[in-house]
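In what follows, a single structure is set out as structure tokens and then discussed.
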Amino acid sequence: MAEMINVKLPDGTQKQVPKGTSALDVAREISPRLADAALVARVKPVNNGGGQLVDLAKPIEKDAEIRILTDRDPEALEVYRHSTAHLLAAAVLDLFPETKLGHGPPTESGFFYDFYRPTPFTPEDLERIEKRMAELRDQDLPYAREFLPRQEGLKRFKGEGDWMKCHFIEQFTAPDEKISIYKTGKFLDFCRGPHLPSTGKIKAFKLLNIAGAYWLGKEGNPQLQRIYGTSFFSKKDLDQYLNQLEEAKKRDHRVLGKQLDLFSIQELAGPGLVFWHPKGGLMRKLMEDWMREEYLKRGYSLVYTPHIVRRKLFEVSGHENNYAQNMFPVMEMDDAEYRPKPMNCPGHILIYADGLRSYRDLPMRLGELGTVYRYERSGVMHGLLRVRGFTQDDAHIFCTPEQIEDEIVGCIDFALAVLQTYGFEQYQVELSTWDPNDRATYMGSDEQWDLANKSLQNALNRRGIPFKTIPGEAAFYGPKIDMKLVDAIGRPWQLSTVQFDWNLPERFQLEYVAQDGSRKRPMMVHRALYGSEERFFGTLIEHYAGAFPVWLCPVQVVVIPIAERHAEYANKVADALRAIQVRVTVDARNEKMNSKIREHAMQKVPFLLVVGDKEAGAAAVNVRTRGKEKTEDMPLDAFVTRIKSLVESKAAGL
């Protein structure tokens, strides 16, 4: 008689099944409909962590909890996209058999696969590949898994000339280990899975573009061709995503930044280094002024730290050993070696450590809009979103354990104020915690982690903020809260972070004198809300498609006189607006009025005021409001009141 094992379903139902039963077998027992919809399974052996995703066909050998995942489970989408990447590789090999394969992981928005092929792929090739993918999909080919002795697998891939696959096998498997191979039609891939049961489960996909990538991400290695694509559970979801991509192109901050004359990145100066033009520079000032005013309102002290410091500081902080690849090279000076700073925290720690602190001095909140420099590889830089020099709204809070929860609440309130002020109505919150089963990875005592986790959770609960807990995603030196704003077309952007840190206080031996006279280590929190001014500005450009709220616009009003004789009244209108600090210009050029209106509309100026005989005689203006077709006649005083209210309230819309 077959040995029996127990399986537990999500609703608590217990079943006894023969050892070696698959998740698909369990699904069939529950209902044929579930078996038909099943894509992958999560199997958690009893008393063994969080479980893992597995192929539906994988035999279950021990008592376990089982959850069958369908297209209703977002967790299954990663497997779905990984399987689509294999479908892409199978189609490429069918059409271009000389191609050698790299790897093809799923991504947050789709998938890619790296290929080595001397002849570049063309847009026409992408169309052929996509068509062949559909044909293979319709054949409902199984994703069949087999295990081979390592040497046999290496021999097979070497025979095909797949040097990249051989590298992966040698890098990620032990000499005596059997390796996992997935077969899809004629296509074989070294892969640990899991995958969908067959290609027929893939309902909607689209190849997007081709990009270059270096083998292993290292310049000087062979150049690969990376084909990007995406896939979704339904054509409706795919179409919605493709429409979002089209909208994103219209909102591309690099294009709008040039069109609106906000910033540039100059080849002569170097990649990843941002030049803020006058209009962008004015907007940066407004952002910085708001942040500094909020610092002072919320009990922060403003500090400034040098751009370069001795290398030894980073040896003490640990960055020299753990972060050097992301730092600019050492500069030889008369007295020592120096580096540009990649972050502000060591400088803030030196300010804290410059004198003996008492519990009466805490909490100490040090805030800086500090420019830092990080060496980003040329292939990853992207407009304002990934640069080499950027300014962080960086703050570090030093406090006692008794104060920590209230300080976290204060950080959350501050982050929410940023979102509200800049017109972001939606956001997502993630709490990254440690994995206590992997104790050796994390610094600090169990008591410290327990206090930190509870402080973050309690702070979020006190503000009634829903959040997703992500176990095992904390940094080795502490848990953190990430707040992702959601922009106007539904894209999440990682910006605000609140992060615990036990590492730096320990490395710098920070202390404070407690109430009982003893010396204690302060708790430390890193906190950045814009993230960086550059990234936040890029996000603002794309969120508003360049049509910024009135209070942020570099030019808020343009007054356009109909004829030369109306210029005097146009200047009087401008003076009335300047008196309430409105940013206004008068366009009295000898150009056609409609041409001037189009030009300023392209610059997304919120209000165009056209004035002629009628307006001058009535002390009025003809108002053209951005985004509206109809104009409006209005007394000048009424318009002054209106725009003053919009600016003072920092209203997100017109």
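Quick note on naming: the chains in the structure tokens go A, B, ... in the order shown, residues restart at 1 in each chain, and ligands are numbered from 1 in order of appearance.
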
Out of stretch 236-292 of chain A, which residues get strand (DSSP E) from DSSP, as JSON, numbers by chain?
-> {"A": [263, 264, 265, 274, 275, 276]}

May I have the residues from that selection written out with C-alpha atoms, as a PDB file, in the first residue's frame?
```pdb
ATOM      1  CA  PHE A 263      17.351  70.890 -17.242  1.00  0.00           C
ATOM      2  CA  SER A 264      20.005  69.246 -19.379  1.00  0.00           C
ATOM      3  CA  ILE A 265      22.788  66.687 -19.139  1.00  0.00           C
ATOM      4  CA  VAL A 274      22.507  67.501 -14.132  1.00  0.00           C
ATOM      5  CA  PHE A 275      22.436  71.162 -15.183  1.00  0.00           C
ATOM      6  CA  TRP A 276      19.363  72.919 -13.798  1.00  0.00           C
TER       7      TRP A 276
END
```

So that I can see what lies close to A:His382, please list as a PDB file with C-alpha atoms, in the first residue's frame the residues with an atom at most 12 Å from it, counting only C-alpha atoms and leaving out residues fewer than 4 positions away in the same chain.
```pdb
ATOM      1  CA  ASP A 252       8.875  61.318 -20.585  1.00  0.00           C
ATOM      2  CA  HIS A 253      10.674  63.813 -18.346  1.00  0.00           C
ATOM      3  CA  ARG A 254      13.698  63.861 -20.653  1.00  0.00           C
ATOM      4  CA  ILE A 265      22.788  66.687 -19.139  1.00  0.00           C
ATOM      5  CA  PRO A 271      26.933  61.636 -18.126  1.00  0.00           C
ATOM      6  CA  GLY A 272      24.693  61.578 -15.065  1.00  0.00           C
ATOM      7  CA  LEU A 273      25.508  65.171 -14.060  1.00  0.00           C
ATOM      8  CA  VAL A 274      22.507  67.501 -14.132  1.00  0.00           C
ATOM      9  CA  GLU A 376      26.613  54.643 -11.670  1.00  0.00           C
ATOM     10  CA  ARG A 377      27.532  52.503 -14.685  1.00  0.00           C
ATOM     11  CA  SER A 378      26.834  54.164 -18.010  1.00  0.00           C
ATOM     12  CA  ARG A 386      19.437  57.616 -12.210  1.00  0.00           C
ATOM     13  CA  VAL A 387      22.345  60.056 -12.053  1.00  0.00           C
ATOM     14  CA  ARG A 388      25.861  60.353 -10.649  1.00  0.00           C
ATOM     15  CA  GLU A 534      16.529  65.035  -9.166  1.00  0.00           C
ATOM     16  CA  ARG A 535      14.440  61.867  -9.036  1.00  0.00           C
ATOM     17  CA  GLY A 538      11.625  63.806 -12.759  1.00  0.00           C
TER      18      GLY A 538
END
```

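Minimum distance to A:Asn209 across A:Ile227, A:Val573, A:Met343, A:Ala57 (counting only C-alpha atoms) occurs at A:Ile227.
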
List every residue of stretch 517-612 of chain A that has an atom at most 10 Å from any atom of stretch 470-488 of chain A, giving for each one its closest atom pair and the distance in Å to one decimal, counting only C-alpha atoms, sorted by chain and then by ascending residue number, as a Markdown table.
```
| residue | atom | partner | partner_atom | distance |
| --- | --- | --- | --- | --- |
| A:Met524 | CA | A:Gly478 | CA | 9.8 |
| A:Val525 | CA | A:Lys480 | CA | 9.2 |
| A:His526 | CA | A:Lys480 | CA | 9.2 |
| A:Arg527 | CA | A:Ile481 | CA | 9.7 |
| A:Leu529 | CA | A:Met483 | CA | 8.8 |
| A:Thr539 | CA | A:Asp487 | CA | 7.9 |
| A:Leu540 | CA | A:Asp487 | CA | 8.6 |
| A:Glu542 | CA | A:Asp487 | CA | 8.0 |
| A:His543 | CA | A:Asp487 | CA | 5.2 |
| A:Tyr544 | CA | A:Ala488 | CA | 7.3 |
| A:Ala545 | CA | A:Ala488 | CA | 9.0 |
```

Determine which residues of stretch 31-121 of chain A DSSP labels as helix (DSSP H, G or I) from the backbone of this structure, then write them out as a PyMOL selection string.
-> chain A and resi 32-37+75-95

Compile the contact shell of stretch 303-316 of chain A as a VMD selection string: residues with an atom at most 10 Å away, counting only C-alpha atoms, same-chain residues fewer than 3 positions apart removed.
-> chain A and resid 300 319 to 324 330 to 333 335 to 348 350 to 351 365 to 373 395 504 507 to 508

Mind giving me the straight-line distance from atom CA of A:Val380 to atom CA of A:Gln325 in Å, one decimal?
->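 Atom CA of A:Gln325 lies at a distance of 14.5 Å from atom CA of A:Val380.
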
What does the distance from atom CA of A:Glu599 to atom CA of A:Pro278 come to in Å, to one decimal?
->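 Atom CA of A:Glu599 sits 18.3 Å away from atom CA of A:Pro278.
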
Can you work out which one of A:Val409, A:Val40, A:Ala89, A:Val559 has the shortest atom-to-atom distance to A:Ser455, counting only C-alpha atoms?
->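 For A:Ser455, the nearest of the candidates is A:Val409.
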
Kindly give the distance, in Å, that separates atom CA of A:Gly193 and atom CA of A:Glu146, rounded to a single decimal.
->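 Result for atom CA of A:Gly193 versus atom CA of A:Glu146: 11.2 Å, one decimal.
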
Restricting the calculation to only C-alpha atoms, which member of A:Gly531, A:Gly102, A:Gly627, A:Gly410 is positioned closest to A:Glu294?
->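 Selected residue with least distance to A:Glu294: A:Gly410.
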
So which residues touch A:Pro106 within 7 Å, counting only C-alpha atoms, skipping near sequence neighbours fewer than 3 positions away, as a VMD selection string?
-> chain A and resid 78 81 to 82 110 to 112

Write a file of the just-selected residues containing N, CA and C atoms, as an mmCIF file, in the first residue's frame.
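Written output follows (again-v1.cif):
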```cif
data_model
loop_
_atom_site.group_PDB
_atom_site.id
_atom_site.type_symbol
_atom_site.label_atom_id
_atom_site.label_comp_id
_atom_site.auth_asym_id
_atom_site.auth_seq_id
_atom_site.Cartn_x
_atom_site.Cartn_y
_atom_site.Cartn_z
ATOM 1 N N GLU A 78 4.747 36.389 -11.863
ATOM 2 C CA GLU A 78 6.194 36.277 -12.063
ATOM 3 C C GLU A 78 6.538 34.984 -12.791
ATOM 4 N N ARG A 81 5.444 35.213 -16.434
ATOM 5 C CA ARG A 81 6.365 35.997 -17.262
ATOM 6 C C ARG A 81 7.681 35.264 -17.499
ATOM 7 N N HIS A 82 8.134 34.523 -16.510
ATOM 8 C CA HIS A 82 9.340 33.716 -16.704
ATOM 9 C C HIS A 82 9.097 32.687 -17.806
ATOM 10 N N GLY A 110 7.515 42.859 -16.764
ATOM 11 C CA GLY A 110 7.520 41.934 -17.888
ATOM 12 C C GLY A 110 8.642 40.925 -17.801
ATOM 13 N N PHE A 111 9.492 40.905 -18.815
ATOM 14 C CA PHE A 111 10.605 39.951 -18.853
ATOM 15 C C PHE A 111 11.608 40.428 -19.890
ATOM 16 N N PHE A 112 12.789 39.811 -19.891
ATOM 17 C CA PHE A 112 13.725 39.999 -20.996
ATOM 18 C C PHE A 112 14.512 38.713 -21.181
#
```

Do a neighbour search on A:Thr421 at 12 Å with only C-alpha atoms, toss out local chain neighbours closer than 3 positions, and write the hits as a list in words.
->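 Once the adjacent positions are removed, what remains is Met287, Trp290, Met291, Glu294, Phe414, Ala415, Leu416, Ala417, Val418, Phe424, Glu425, Tyr530, Leu540, Pro549, Trp551, Leu552, Val647, Glu648, Ser649, Lys650, Ala651, Ala652 and Gly653 of chain A.
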
Export, as a compact mmCIF listing (two decimals), in the first residue's frame, the selected residues with N, CA and C atoms.
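What landed in selection.txt:
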```
# COMPACT_ATOMS: atom_id res chain seq x y z
N MET A 287 11.06 73.90 -4.19
CA MET A 287 11.05 72.61 -3.49
C MET A 287 11.92 72.67 -2.23
N TRP A 290 10.38 74.92 0.54
CA TRP A 290 9.29 74.23 1.25
C TRP A 290 9.87 73.21 2.24
N MET A 291 10.85 72.45 1.79
CA MET A 291 11.40 71.42 2.65
C MET A 291 12.10 72.02 3.87
N GLU A 294 9.64 73.25 6.38
CA GLU A 294 9.05 72.12 7.10
C GLU A 294 10.03 71.54 8.12
N PHE A 414 5.39 63.52 8.10
CA PHE A 414 6.15 64.38 7.20
C PHE A 414 6.05 63.84 5.77
N ALA A 415 6.20 62.53 5.60
CA ALA A 415 6.10 61.91 4.27
C ALA A 415 4.72 62.14 3.67
N LEU A 416 3.68 62.00 4.49
CA LEU A 416 2.31 62.23 3.99
C LEU A 416 2.12 63.69 3.58
N ALA A 417 2.76 64.60 4.31
CA ALA A 417 2.68 66.02 3.96
C ALA A 417 3.32 66.28 2.60
N VAL A 418 4.43 65.59 2.31
CA VAL A 418 5.06 65.72 0.99
C VAL A 418 4.09 65.28 -0.11
N PHE A 424 0.01 64.10 -4.83
CA PHE A 424 -0.03 62.65 -5.04
C PHE A 424 -1.08 62.06 -4.10
N GLU A 425 -2.18 61.60 -4.67
CA GLU A 425 -3.29 61.14 -3.86
C GLU A 425 -3.17 59.67 -3.46
N TYR A 530 11.93 63.26 -0.31
CA TYR A 530 12.01 63.41 -1.76
C TYR A 530 12.78 62.21 -2.35
N LEU A 540 7.79 64.42 -10.73
CA LEU A 540 6.82 65.51 -10.86
C LEU A 540 6.54 65.83 -12.33
N PRO A 549 1.31 72.30 -10.91
CA PRO A 549 0.44 73.17 -10.12
C PRO A 549 0.94 74.61 -10.20
N TRP A 551 1.47 76.92 -8.07
CA TRP A 551 2.48 77.39 -7.12
C TRP A 551 3.89 76.97 -7.51
N LEU A 552 4.01 75.89 -8.31
CA LEU A 552 5.32 75.38 -8.71
C LEU A 552 5.78 75.90 -10.06
N VAL A 647 -2.11 79.84 -5.35
CA VAL A 647 -0.70 79.76 -4.94
C VAL A 647 -0.59 79.47 -3.45
N GLU A 648 -1.34 80.20 -2.63
CA GLU A 648 -1.22 80.04 -1.18
C GLU A 648 -1.70 78.67 -0.72
N SER A 649 -2.72 78.11 -1.39
CA SER A 649 -3.24 76.80 -0.99
C SER A 649 -2.43 75.65 -1.57
N LYS A 650 -1.50 75.98 -2.49
CA LYS A 650 -0.72 74.96 -3.20
C LYS A 650 -1.64 73.92 -3.85
N ALA A 651 -2.70 74.40 -4.45
CA ALA A 651 -3.68 73.51 -5.08
C ALA A 651 -3.02 72.72 -6.21
N ALA A 652 -3.38 71.44 -6.31
CA ALA A 652 -2.77 70.58 -7.32
C ALA A 652 -3.32 70.84 -8.71
N GLY A 653 -4.58 71.33 -8.80
CA GLY A 653 -5.19 71.56 -10.11
C GLY A 653 -5.61 73.00 -10.26
```

Could you give me, as a ChimeraX atom specification, the residues within 6 Å of A:Ala38, counting only C-alpha atoms and dropping anything in the same chain fewer than 4 positions from it?
-> /A:34,69-70

Determine, counting only C-alpha atoms, which protein, DNA and RNA residues have an atom within 8 Å of an atom of A:Val558; residues of the same chain fewer than 5 positions away are not included. Present the result as a ChimeraX atom specification.
-> /A:584-587,600,605,607-609

Output for the residues just chosen: N, CA and C atoms as a PDB file, in the first residue's frame:
```pdb
ATOM      1  N   VAL A 584       5.224  86.562 -13.464  1.00  0.00           N
ATOM      2  CA  VAL A 584       4.487  86.989 -14.637  1.00  0.00           C
ATOM      3  C   VAL A 584       5.423  87.644 -15.642  1.00  0.00           C
ATOM      4  N   THR A 585       5.154  87.433 -16.925  1.00  0.00           N
ATOM      5  CA  THR A 585       5.888  88.129 -17.979  1.00  0.00           C
ATOM      6  C   THR A 585       4.880  88.760 -18.938  1.00  0.00           C
ATOM      7  N   VAL A 586       5.335  89.799 -19.614  1.00  0.00           N
ATOM      8  CA  VAL A 586       4.522  90.460 -20.638  1.00  0.00           C
ATOM      9  C   VAL A 586       5.139  90.148 -21.990  1.00  0.00           C
ATOM     10  N   ASP A 587       4.341  89.574 -22.891  1.00  0.00           N
ATOM     11  CA  ASP A 587       4.833  89.260 -24.234  1.00  0.00           C
ATOM     12  C   ASP A 587       4.314  90.318 -25.207  1.00  0.00           C
ATOM     13  N   HIS A 600       3.083  79.887 -25.768  1.00  0.00           N
ATOM     14  CA  HIS A 600       3.018  79.825 -24.305  1.00  0.00           C
ATOM     15  C   HIS A 600       2.167  78.645 -23.832  1.00  0.00           C
ATOM     16  N   VAL A 605       2.050  77.194 -19.597  1.00  0.00           N
ATOM     17  CA  VAL A 605       1.819  78.299 -18.651  1.00  0.00           C
ATOM     18  C   VAL A 605       0.368  78.212 -18.175  1.00  0.00           C
ATOM     19  N   PHE A 607      -1.864  80.400 -16.941  1.00  0.00           N
ATOM     20  CA  PHE A 607      -2.820  81.436 -17.335  1.00  0.00           C
ATOM     21  C   PHE A 607      -2.208  82.361 -18.385  1.00  0.00           C
ATOM     22  N   LEU A 608      -2.938  82.576 -19.476  1.00  0.00           N
ATOM     23  CA  LEU A 608      -2.593  83.581 -20.474  1.00  0.00           C
ATOM     24  C   LEU A 608      -3.666  84.660 -20.403  1.00  0.00           C
ATOM     25  N   LEU A 609      -3.250  85.883 -20.177  1.00  0.00           N
ATOM     26  CA  LEU A 609      -4.182  87.003 -20.064  1.00  0.00           C
ATOM     27  C   LEU A 609      -4.049  87.872 -21.307  1.00  0.00           C
TER      28      LEU A 609
END
```

From A:Ala85, A:Gln225, A:Glu160, A:Arg28, residue lying nearest A:Thr119 [only C-alpha atoms] |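 Closest to A:Thr119 of all the choices is A:Gln225.
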
Which residue of A:Pro120, A:Pro59, A:Gly153, A:Gly270 approaches A:Gly389 most closely, using only C-alpha atoms |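 Of A:Pro120, A:Pro59, A:Gly153, A:Gly270, the one nearest A:Gly389 is A:Gly270, counting only C-alpha atoms.
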